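So this one's coords00.cif, mmCIF, C-alpha atoms:
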```cif
data_entry
loop_
_atom_site.label_atom_id
_atom_site.label_comp_id
_atom_site.auth_asym_id
_atom_site.auth_seq_id
_atom_site.Cartn_x
_atom_site.Cartn_y
_atom_site.Cartn_z
CA MET A 1 16.15 33.96 26.44
CA HIS A 2 13.99 30.94 25.71
CA ASP A 3 10.83 32.75 26.83
CA ALA A 4 11.67 35.69 24.56
CA ARG A 5 12.26 33.34 21.60
CA TYR A 6 8.92 31.60 22.10
CA THR A 7 7.17 34.95 22.43
CA ALA A 8 8.74 36.09 19.15
CA LEU A 9 7.67 32.86 17.43
CA ARG A 10 4.09 33.24 18.64
CA GLN A 11 3.98 36.83 17.44
CA ALA A 12 5.47 35.93 14.05
CA PHE A 13 2.91 33.14 13.67
CA ALA A 14 0.03 35.48 14.51
CA ALA A 15 1.23 38.08 12.02
CA ALA A 16 1.66 35.56 9.20
CA ARG A 17 -1.78 34.06 9.80
CA GLN A 18 -3.43 37.47 9.89
CA GLU A 19 -1.58 39.15 7.02
CA ARG A 20 -1.18 36.31 4.53
CA ARG A 21 -3.43 33.50 5.79
CA ALA A 22 -0.23 31.45 5.54
CA ARG A 23 -0.34 27.76 6.46
CA HIS A 24 1.44 26.42 9.55
CA ARG A 25 3.96 24.50 7.45
CA ASP A 26 4.87 27.55 5.36
CA ILE A 27 5.17 29.78 8.41
CA ALA A 28 7.53 27.30 10.06
CA GLN A 29 9.67 27.12 6.91
CA ALA A 30 9.87 30.91 6.74
CA LEU A 31 10.97 30.96 10.40
CA GLN A 32 13.53 28.20 9.66
CA ILE A 33 12.08 25.85 12.26
CA SER A 34 10.06 22.65 12.02
CA GLU A 35 6.28 22.69 12.19
CA GLY A 36 6.48 20.75 15.46
CA GLU A 37 8.69 23.46 16.95
CA LEU A 38 6.18 26.09 15.89
CA LEU A 39 3.40 24.32 17.78
CA ALA A 40 5.67 23.68 20.78
CA ALA A 41 6.27 27.42 21.06
CA HIS A 42 2.55 27.67 21.86
CA LEU A 43 2.73 25.34 24.86
CA GLY A 44 2.65 26.59 28.42
CA GLY A 45 -0.95 26.43 29.58
CA HIS A 46 -2.26 24.44 32.54
CA PRO A 47 -3.64 21.07 31.35
CA GLY A 48 -6.99 21.76 33.02
CA ALA A 49 -7.51 25.16 31.39
CA GLN A 50 -10.17 25.66 28.74
CA PRO A 51 -8.53 26.12 25.31
CA GLU A 52 -10.98 28.87 24.36
CA ALA A 53 -9.58 31.06 27.11
CA LEU A 54 -5.93 30.55 26.22
CA ALA A 55 -5.47 32.34 22.90
CA ASP A 56 -4.03 35.72 23.85
CA ALA A 57 -2.84 38.85 22.09
CA GLU A 58 0.40 37.13 21.07
CA SER A 59 -1.22 34.37 19.06
CA PRO A 60 -4.63 32.94 18.14
CA MET A 61 -3.33 29.41 18.78
CA LYS A 62 -2.70 27.29 21.85
CA ALA A 63 -1.23 23.80 22.00
CA PHE A 64 -1.10 21.06 24.64
CA ARG A 65 1.51 18.33 24.58
CA LEU A 66 0.08 14.81 24.51
CA ARG A 67 1.54 11.74 26.16
CA ALA A 68 3.38 9.41 23.78
CA ASP A 69 0.65 6.76 23.98
CA TRP A 70 -0.09 6.93 20.28
CA GLN A 71 -1.82 3.59 19.87
CA ALA A 72 -4.25 4.31 22.70
CA ILE A 73 -4.97 7.79 21.32
CA ILE A 74 -5.84 6.45 17.87
CA GLU A 75 -7.90 3.65 19.43
CA SER A 76 -9.89 6.29 21.37
CA LEU A 77 -10.94 8.37 18.36
CA GLU A 78 -14.17 6.63 17.32
CA PRO A 79 -16.37 8.46 19.88
CA LEU A 80 -15.41 11.75 18.23
CA GLY A 81 -17.52 10.74 15.24
CA THR A 82 -16.88 12.35 11.87
CA VAL A 83 -13.53 14.11 11.59
CA MET A 84 -11.07 14.99 8.82
CA ALA A 85 -7.86 12.93 8.57
CA LEU A 86 -4.88 14.59 6.89
CA THR A 87 -1.67 12.88 5.83
CA ARG A 88 1.00 14.51 3.69
CA ASN A 89 4.53 14.45 2.42
CA ASP A 90 6.55 17.27 0.85
CA ALA A 91 4.54 17.28 -2.37
CA CYS A 92 1.17 15.65 -1.71
CA VAL A 93 -1.67 16.24 0.78
CA HIS A 94 -4.43 13.63 1.31
CA GLU A 95 -7.56 14.71 3.23
CA LYS A 96 -10.35 12.27 4.06
CA VAL A 97 -13.55 12.75 6.08
CA GLY A 98 -14.90 9.85 8.13
CA VAL A 99 -14.85 7.98 11.44
CA TYR A 100 -11.86 6.13 12.96
CA ARG A 101 -13.30 2.61 13.19
CA GLN A 102 -11.80 -0.88 13.34
CA VAL A 103 -8.56 0.36 14.89
CA SER A 104 -5.90 -2.20 15.78
CA ALA A 105 -2.17 -2.47 16.42
CA PHE A 106 0.11 -5.47 16.12
CA GLY A 107 3.72 -6.60 15.85
CA PRO A 108 6.53 -6.01 18.36
CA GLN A 109 5.36 -3.42 20.93
CA ARG A 110 2.24 -2.98 18.74
CA GLN A 111 4.23 -0.61 16.53
CA THR A 112 2.16 -1.20 13.38
CA GLY A 113 -1.39 0.10 13.33
CA LEU A 114 -4.45 -0.25 11.13
CA VAL A 115 -7.60 1.81 10.77
CA LEU A 116 -10.06 0.01 8.49
CA GLY A 117 -13.36 1.72 9.17
CA GLY A 118 -14.44 2.46 5.63
CA GLU A 119 -13.69 6.09 4.74
CA ILE A 120 -10.71 6.38 7.09
CA ASP A 121 -8.21 3.78 5.85
CA LEU A 122 -4.73 3.96 7.39
CA ARG A 123 -1.51 1.97 7.80
CA ILE A 124 0.42 3.41 10.74
CA PHE A 125 4.11 2.96 11.65
CA TYR A 126 4.30 4.19 15.23
CA THR A 127 8.10 3.90 15.55
CA HIS A 128 8.27 7.24 13.70
CA TRP A 129 5.75 9.00 15.98
CA GLN A 130 7.57 11.11 18.57
CA HIS A 131 5.52 14.24 19.35
CA GLY A 132 1.80 14.93 19.58
CA PHE A 133 -0.31 18.00 20.36
CA ALA A 134 -3.91 18.99 20.88
CA VAL A 135 -4.26 22.33 19.10
CA THR A 136 -6.92 25.02 19.30
CA GLU A 137 -6.80 28.02 16.98
CA ARG A 138 -9.19 30.91 16.54
CA LEU A 139 -9.51 31.45 12.80
CA ALA A 140 -10.03 34.73 10.96
CA ASP A 141 -13.80 34.22 10.92
CA GLY A 142 -13.83 33.75 14.71
CA ALA A 143 -14.43 30.00 14.62
CA LEU A 144 -12.37 27.71 16.82
CA GLN A 145 -10.50 25.00 14.93
CA ARG A 146 -9.55 21.99 17.06
CA SER A 147 -7.12 19.30 15.99
CA LEU A 148 -4.76 16.54 17.07
CA GLN A 149 -1.38 16.72 15.34
CA PHE A 150 1.46 14.18 15.34
CA PHE A 151 5.12 14.64 14.36
CA ASP A 152 8.33 12.67 13.95
CA ALA A 153 11.53 13.19 15.94
CA ALA A 154 12.56 16.15 13.78
CA GLY A 155 9.18 17.88 14.18
CA VAL A 156 7.97 16.96 10.67
CA ALA A 157 4.20 16.47 10.47
CA LEU A 158 3.03 12.86 10.02
CA HIS A 159 -0.73 12.97 10.60
CA LYS A 160 -3.39 15.46 11.66
CA ILE A 161 -7.01 15.03 12.75
CA PHE A 162 -9.34 18.03 12.50
CA LEU A 163 -12.74 18.28 14.14
CA LYS A 164 -15.72 18.97 11.90
CA PRO A 165 -18.86 20.88 12.96
CA GLU A 166 -20.61 17.52 13.44
CA SER A 167 -17.80 16.05 15.59
CA ASP A 168 -18.53 15.25 19.24
CA LEU A 169 -16.80 18.08 21.11
CA ALA A 170 -17.33 16.54 24.54
CA ALA A 171 -15.65 13.31 23.38
CA TYR A 172 -12.73 15.34 22.01
CA GLU A 173 -12.30 17.25 25.26
CA ALA A 174 -12.43 14.00 27.24
CA LEU A 175 -9.74 12.49 25.00
CA VAL A 176 -7.50 15.53 25.38
CA ALA A 177 -7.95 15.51 29.16
CA ARG A 178 -7.10 11.81 29.28
CA PHE A 179 -3.92 12.05 27.19
CA THR A 180 -2.54 15.50 28.07
CA SER A 181 1.06 15.27 29.27
CA ASP A 182 2.15 16.67 32.63
CA ASP A 183 4.97 18.43 30.74
CA GLN A 184 3.61 21.59 29.14
CA ALA A 185 6.86 23.56 29.03
CA PRO A 186 7.35 25.32 25.67
CA GLY A 187 9.90 23.85 23.31
CA LEU A 188 10.69 20.57 21.62
CA SER A 189 13.55 18.12 22.01
CA LEU A 190 14.49 17.41 18.40
CA GLY A 191 16.03 14.32 16.87
CA GLU A 192 17.57 13.64 13.47
CA VAL A 193 15.68 14.23 10.24
CA TRP A 194 14.68 10.84 8.84
CA GLN A 195 16.59 9.82 5.72
CA GLU A 196 16.02 7.03 3.24
CA PRO A 197 18.79 4.40 3.50
CA PRO A 198 21.39 4.80 0.73
CA GLU A 199 20.91 2.60 -2.30
CA ARG A 200 23.15 -0.37 -2.86
CA PRO A 201 25.14 -0.33 -6.09
CA ASP A 202 23.29 -2.01 -8.96
CA ALA A 203 26.24 -4.38 -9.37
CA ALA A 204 25.58 -5.74 -5.85
CA ILE A 205 22.03 -6.83 -6.75
CA ASP A 206 21.31 -10.37 -7.90
CA ILE A 207 19.11 -9.14 -10.72
CA ALA A 208 18.26 -12.60 -12.07
CA ALA A 209 16.98 -13.72 -8.66
CA PHE A 210 15.13 -10.43 -8.23
CA HIS A 211 13.41 -10.87 -11.61
CA ALA A 212 12.46 -14.46 -10.80
CA GLU A 213 10.95 -13.52 -7.42
CA TRP A 214 8.99 -10.61 -8.94
CA ALA A 215 7.52 -12.96 -11.54
CA ASP A 216 6.56 -15.35 -8.71
CA LEU A 217 4.68 -12.78 -6.60
CA ARG A 218 1.27 -13.95 -5.40
CA ASP A 219 0.09 -10.85 -3.51
CA THR A 220 0.88 -7.14 -3.80
CA HIS A 221 1.76 -7.08 -0.10
CA GLU A 222 4.70 -9.40 -0.83
CA PHE A 223 6.41 -6.60 -2.75
CA PHE A 224 7.83 -4.92 0.36
CA GLY A 225 9.45 -8.19 1.40
CA LEU A 226 10.91 -8.59 -2.09
CA LEU A 227 12.56 -5.17 -1.84
CA LYS A 228 13.86 -5.89 1.63
CA ARG A 229 15.34 -9.28 0.70
CA HIS A 230 17.28 -7.77 -2.17
CA GLY A 231 18.22 -4.52 -0.43
CA LEU A 232 16.48 -2.40 -3.05
CA SER A 233 14.91 1.02 -2.82
CA ARG A 234 11.58 1.25 -4.59
CA PRO A 235 12.83 3.49 -7.45
CA GLN A 236 15.87 1.25 -7.91
CA ALA A 237 13.63 -1.83 -8.09
CA LEU A 238 11.48 -0.22 -10.78
CA ARG A 239 14.54 0.84 -12.73
CA LEU A 240 16.01 -2.70 -12.64
CA ALA A 241 12.75 -4.60 -13.21
CA GLU A 242 11.84 -6.46 -16.36
CA PRO A 243 10.15 -4.21 -18.96
CA ARG A 244 7.11 -6.51 -19.02
CA PHE A 245 6.39 -5.45 -15.42
CA VAL A 246 7.52 -1.82 -15.38
CA GLN A 247 7.43 1.07 -17.84
CA PRO A 248 8.24 4.76 -17.41
CA LEU A 249 5.39 7.20 -18.00
CA PRO A 250 5.36 10.88 -18.99
CA LEU A 251 5.45 13.21 -15.97
CA SER A 252 2.06 14.59 -17.01
CA SER A 253 0.49 11.14 -16.60
CA ALA A 254 -0.84 11.75 -13.09
CA GLN A 255 -2.98 14.67 -14.23
CA ASP A 256 -4.13 12.73 -17.29
CA LEU A 257 -4.99 9.64 -15.27
CA LEU A 258 -6.96 11.48 -12.58
CA SER A 259 -8.85 13.65 -15.07
CA ARG A 260 -9.86 10.68 -17.19
CA ALA A 261 -10.75 8.56 -14.15
CA ALA A 262 -13.13 11.33 -13.08
CA GLN A 263 -14.60 11.69 -16.56
CA GLN A 264 -15.06 7.94 -17.03
CA GLY A 265 -16.26 7.15 -13.49
CA VAL A 266 -13.39 4.73 -12.80
CA SER A 267 -13.11 3.84 -9.10
CA ILE A 268 -9.54 4.20 -7.90
CA MET A 269 -7.39 3.88 -4.81
CA VAL A 270 -5.05 6.75 -3.90
CA PHE A 271 -2.22 5.98 -1.46
CA VAL A 272 -0.30 8.91 0.06
CA GLY A 273 2.14 8.59 2.93
CA ASN A 274 5.31 9.43 4.76
CA PRO A 275 7.55 7.29 7.00
CA GLY A 276 4.93 7.31 9.78
CA ILE A 277 1.68 6.57 7.99
CA ILE A 278 -0.09 5.75 4.71
CA GLN A 279 -3.59 7.12 4.06
CA ILE A 280 -5.85 5.58 1.38
CA HIS A 281 -8.89 6.74 -0.56
CA SER A 282 -11.01 4.13 -2.33
CA GLY A 283 -13.82 4.97 -4.73
CA PRO A 284 -14.69 7.19 -7.66
CA ILE A 285 -13.50 10.77 -7.95
CA GLN A 286 -15.44 13.68 -9.42
CA LYS A 287 -13.76 17.08 -9.62
CA VAL A 288 -10.13 17.33 -10.77
CA ALA A 289 -8.72 20.85 -11.14
CA MET A 290 -5.31 22.39 -11.75
CA MET A 291 -4.34 25.41 -9.64
CA GLY A 292 -0.84 26.58 -10.51
CA PRO A 293 1.46 23.56 -10.07
CA TRP A 294 -1.11 21.70 -7.95
CA ILE A 295 -3.26 18.83 -9.23
CA ASN A 296 -6.36 18.86 -7.01
CA ILE A 297 -9.20 16.46 -6.34
CA LEU A 298 -11.97 18.51 -4.73
CA ASP A 299 -14.74 16.10 -3.76
CA PRO A 300 -17.07 15.97 -0.76
CA GLY A 301 -15.21 13.85 1.78
CA PHE A 302 -11.95 13.59 -0.19
CA ASN A 303 -9.41 16.20 -1.22
CA LEU A 304 -6.02 15.58 -2.80
CA HIS A 305 -3.37 18.23 -3.55
CA LEU A 306 -0.36 17.02 -5.56
CA ARG A 307 2.45 19.26 -6.81
CA GLU A 308 2.98 18.18 -10.40
CA ASP A 309 6.27 20.09 -10.61
CA HIS A 310 7.70 17.83 -7.85
CA ILE A 311 7.06 14.64 -9.84
CA ALA A 312 10.50 13.54 -11.10
CA SER A 313 9.48 10.08 -12.31
CA ALA A 314 6.25 8.20 -12.99
CA TRP A 315 5.97 4.47 -13.57
CA LEU A 316 3.40 1.94 -14.65
CA VAL A 317 3.99 -1.08 -12.38
CA ARG A 318 2.52 -4.57 -12.84
CA LYS A 319 2.61 -7.12 -10.03
CA PRO A 320 1.51 -10.75 -10.44
CA THR A 321 -1.00 -12.01 -7.87
CA VAL A 322 -3.23 -15.06 -7.46
CA ASP A 323 -6.02 -12.81 -8.79
CA GLY A 324 -4.07 -11.84 -11.92
CA LEU A 325 -1.94 -8.79 -12.64
CA VAL A 326 -2.43 -5.75 -10.40
CA CYS A 327 -1.32 -2.53 -12.09
CA SER A 328 -0.50 0.83 -10.54
CA MET A 329 0.96 4.24 -11.22
CA GLU A 330 3.79 5.17 -8.83
CA LEU A 331 5.10 8.74 -8.52
CA PHE A 332 8.47 9.80 -7.09
CA ASP A 333 10.31 13.04 -6.43
CA ALA A 334 13.91 13.85 -7.36
CA GLN A 335 15.17 12.25 -4.12
CA GLY A 336 13.42 8.97 -4.96
CA ARG A 337 10.75 9.44 -2.28
CA THR A 338 7.27 8.09 -3.01
CA LEU A 339 4.76 10.90 -3.52
CA ALA A 340 1.66 8.84 -4.30
CA MET A 341 0.55 5.47 -5.67
CA LEU A 342 -2.64 4.98 -7.69
CA PHE A 343 -4.48 1.66 -8.14
CA GLY A 344 -7.85 0.56 -9.42
CA GLU A 345 -10.28 -0.04 -6.55
CA ARG A 346 -10.33 -3.73 -5.67
CA LYS A 347 -10.51 -6.12 -2.72
CA PRO A 348 -8.33 -9.20 -2.17
CA GLY A 349 -9.79 -12.09 -4.12
CA GLN A 350 -11.03 -9.84 -6.91
CA ALA A 351 -9.49 -9.45 -10.34
CA GLU A 352 -8.37 -5.98 -11.36
CA ARG A 353 -10.99 -3.72 -12.91
CA CYS A 354 -10.88 -3.72 -16.72
CA ASP A 355 -11.69 0.00 -16.92
CA TRP A 356 -8.72 0.81 -14.67
CA ARG A 357 -6.37 -1.50 -16.56
CA GLN A 358 -7.34 0.02 -19.90
CA LEU A 359 -7.09 3.57 -18.60
CA LEU A 360 -3.62 3.02 -17.18
CA GLU A 361 -2.29 1.13 -20.19
CA SER A 362 -3.52 3.89 -22.51
CA LEU A 363 -0.96 6.24 -20.92
CA VAL A 364 2.02 4.15 -22.01
CA ASP A 365 4.27 5.93 -24.47
CA GLY A 366 5.11 3.01 -26.70
CA THR A 367 3.74 0.12 -28.67
CA MET A 368 3.04 -2.42 -25.91
CA GLU A 369 -0.54 -3.62 -26.07
CA ALA A 370 -2.78 -3.41 -23.02
CA ALA A 371 -2.64 -6.53 -20.86
CA PRO A 372 -5.84 -8.54 -21.24
CA CYS A 373 -8.54 -8.19 -18.59
#
```

Final structure tokens representation of the file:
Amino acid sequence: MHDARYTALRQAFAAARQERRARHRDIAQALQISEGELLAAHLGGHPGAQPEALADAESPMKAFRLRADWQAIIESLEPLGTVMALTRNDACVHEKVGVYRQVSAFGPQRQTGLVLGGEIDLRIFYTHWQHGFAVTERLADGALQRSLQFFDAAGVALHKIFLKPESDLAAYEALVARFTSDDQAPGLSLGEVWQEPPERPDAAIDIAAFHAEWADLRDTHEFFGLLKRHGLSRPQALRLAEPRFVQPLPLSSAQDLLSRAAQQGVSIMVFVGNPGIIQIHSGPIQKVAMMGPWINILDPGFNLHLREDHIASAWLVRKPTVDGLVCSMELFDAQGRTLAMLFGERKPGQAERCDWRQLLESLVDGTMEAAPC
């Protein structure tokens, strides 16, 4: 029965890719399975086999299960050279081309990771990483697409790494050989879908203390600790904050901000993440285009795809630091999940860019004057 189910899934995948050029995520949703389960249906090859020889009449794709040694895998990526890193959530996709350099992990069991090598800028939370695959797929044009793909316990995609034509194929094959699991049986053992903790009632929050601690912030990285101490979700914190630090913005503000940042040459930082990882772009942007509900940045080395119709709230957020106020736009969906956060490009020890501050403040629907630079 299981073999027949996996065969049917492989055939359905092949048909959807051929007929509609559908994406893996959309195919999985149509089949009412997770994306991780879709890849796991393509397991079953011998670890030593050449991927090029494995795609058969059932499907153009083959997957190999990787050992759950996530930190070591990420730390072994630099020899691959230039690759494309992809991180997404339900409404936003962040794609960045570069090299995985300056990789580290720290904390209990090294469960928090950093990649700080310039173009590839990541904050990784390995406790959410449960499944990983090396994937080879023959595309419609005959080219072989190779990738490493990582998923949470429920089979939801966290992070993907795609080889580019200039990537070092031998280094990739050596990495896959090193980390391939002995278990290549099709199928996936699924866990619970991750849920945000329920919000505490507003009445249970010491709002005066929360306001005082916000006003006393000295670094943007202290904000997470502030939320944790007071048991606040991020949307709840913004809703309860003092108006001098937080203001709601029109839902169209993300498109306006990105378009004007491109036109004016304002260097920005774009944070997109999910429970397992945050991926960051820093620098100017050039081409912003709307395609249906999608706001797109289409630049060499950086693509962003954000569903504007999934933005349920947008906020201008100001945090005090030793370098002065740091201002951002934060976007949330109807469930209160963070879709993306936008900042002006800056390094610790630097004051916020005036052009960014003025651009962001100009979006405010009200009479508050722009904070001085």

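The nearest approach to Leu43 of chain A among the residues A:Pro186, A:Pro197, A:Gly276, A:Pro235, with all atoms listed in the file taken into account, belongs to A:Pro186.
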
Need the axis-aligned box for segment 112-130 of chain A with 4 Å each side, so what are the centre and edges in Å to one decimal, as JSON?
```
{"center_x": -3.1, "center_y": 5.0, "center_z": 11.7, "size_x": 30.7, "size_y": 20.3, "size_z": 21.8}
```

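Distances here use all atoms listed in the file; by that measure, the residue among A:Leu169, A:Leu363, A:Ala215, A:Ile311 closest to Leu249 of chain A is A:Leu363.
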
Please, which residues in segment 79-114 of chain A fall within 7 Å of segment 120-136 of chain A when counting all atoms listed in the file, and what is the closest atom pair and distance in Å to one decimal for each, ordered by chain then residue number, as a Markdown table?
```
| residue | atom | partner | partner_atom | distance |
| --- | --- | --- | --- | --- |
| A:Lys96 | CA | A:Ile120 | CA | 6.6 |
| A:Gly98 | CA | A:Ile120 | CA | 5.5 |
| A:Val99 | CA | A:Ile120 | CA | 6.2 |
| A:Tyr100 | CA | A:Ile120 | CA | 6.0 |
| A:Gln111 | CA | A:Tyr126 | CA | 5.0 |
| A:Thr112 | CA | A:Phe125 | CA | 4.9 |
| A:Gly113 | CA | A:Ile124 | CA | 4.6 |
| A:Leu114 | CA | A:Arg123 | CA | 5.0 |
```

(request) Would you kindly translate the PyMOL selection byres ((chain A and resi 349) around 12) into the concrete residues it picks from this file, as a PyMOL selection string? (result) chain A and resi 218-220+321-324+326+346-348+350-352

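Restricting the calculation to only C-alpha atoms, the smallest distance between Glu308 of chain A and any of A:Leu339, A:Ala4, A:Ala157, A:Leu325 is found for A:Leu339.
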
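You will find atom CA of Ser181 of chain A at 12.3 Å from atom CA of Trp70 of chain A.
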
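With all atoms listed in the file as the atoms that count, the residue of A:Leu190, A:Ala174, A:Ala340, A:Leu38 with the shortest distance to Gln279 of chain A is A:Ala340.
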
(message) One decimal, in Å: what's the spacing between atom CA of Gly36 of chain A and atom CA of Gly155 of chain A?
(response) 4.1 Å

Counting all atoms listed in the file, give me one row per residue of segment 238-280 of chain A with an atom at most 9 Å from an atom of segment 82-94 of chain A, showing the shortest contact pair and its distance in Å to one decimal, sorted by chain then residue number, as JSON lines.
```
{"residue": "A:Val270", "atom": "CA", "partner": "A:His94", "partner_atom": "CA", "distance": 8.7}
{"residue": "A:Phe271", "atom": "CA", "partner": "A:His94", "partner_atom": "CA", "distance": 8.4}
{"residue": "A:Val272", "atom": "CA", "partner": "A:His94", "partner_atom": "CA", "distance": 6.4}
{"residue": "A:Gly273", "atom": "CA", "partner": "A:Arg88", "partner_atom": "CA", "distance": 6.1}
{"residue": "A:Asn274", "atom": "CA", "partner": "A:Asn89", "partner_atom": "CA", "distance": 5.6}
{"residue": "A:Ile277", "atom": "CA", "partner": "A:Thr87", "partner_atom": "CA", "distance": 7.5}
{"residue": "A:Ile278", "atom": "CA", "partner": "A:Thr87", "partner_atom": "CA", "distance": 7.4}
{"residue": "A:Gln279", "atom": "CA", "partner": "A:Thr87", "partner_atom": "CA", "distance": 6.3}
{"residue": "A:Ile280", "atom": "CA", "partner": "A:His94", "partner_atom": "CA", "distance": 8.2}
```

(request) Anything within 7 Å of (-6.7, 10.9, 13.5): list those residues as a ChimeraX atom specification, counting all atoms listed in the file and sticking to the file's coordinates. (result) /A:74,77,85,148,159-161

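Note that atom CA of Leu240 of chain A and atom CA of Ile205 of chain A are 9.4 Å apart.
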
Report as an mmCIF file with C-alpha atoms, in the coordinates of the input all protein, DNA and RNA residues lying within 10 Å of Arg353 of chain A, evaluated on only C-alpha atoms, omitting residues in the same chain fewer than 2 positions from it.
```
data_model
loop_
_atom_site.group_PDB
_atom_site.id
_atom_site.type_symbol
_atom_site.label_atom_id
_atom_site.label_comp_id
_atom_site.auth_asym_id
_atom_site.auth_seq_id
_atom_site.Cartn_x
_atom_site.Cartn_y
_atom_site.Cartn_z
ATOM 1 C CA VAL A 266 -13.390 4.730 -12.800
ATOM 2 C CA SER A 267 -13.110 3.840 -9.100
ATOM 3 C CA ILE A 268 -9.540 4.200 -7.900
ATOM 4 C CA VAL A 326 -2.430 -5.750 -10.400
ATOM 5 C CA CYS A 327 -1.320 -2.530 -12.090
ATOM 6 C CA PHE A 343 -4.480 1.660 -8.140
ATOM 7 C CA GLY A 344 -7.850 0.560 -9.420
ATOM 8 C CA GLU A 345 -10.280 -0.040 -6.550
ATOM 9 C CA ARG A 346 -10.330 -3.730 -5.670
ATOM 10 C CA GLN A 350 -11.030 -9.840 -6.910
ATOM 11 C CA ALA A 351 -9.490 -9.450 -10.340
ATOM 12 C CA ASP A 355 -11.690 0.000 -16.920
ATOM 13 C CA TRP A 356 -8.720 0.810 -14.670
ATOM 14 C CA ARG A 357 -6.370 -1.500 -16.560
ATOM 15 C CA GLN A 358 -7.340 0.020 -19.900
ATOM 16 C CA CYS A 373 -8.540 -8.190 -18.590
#
```
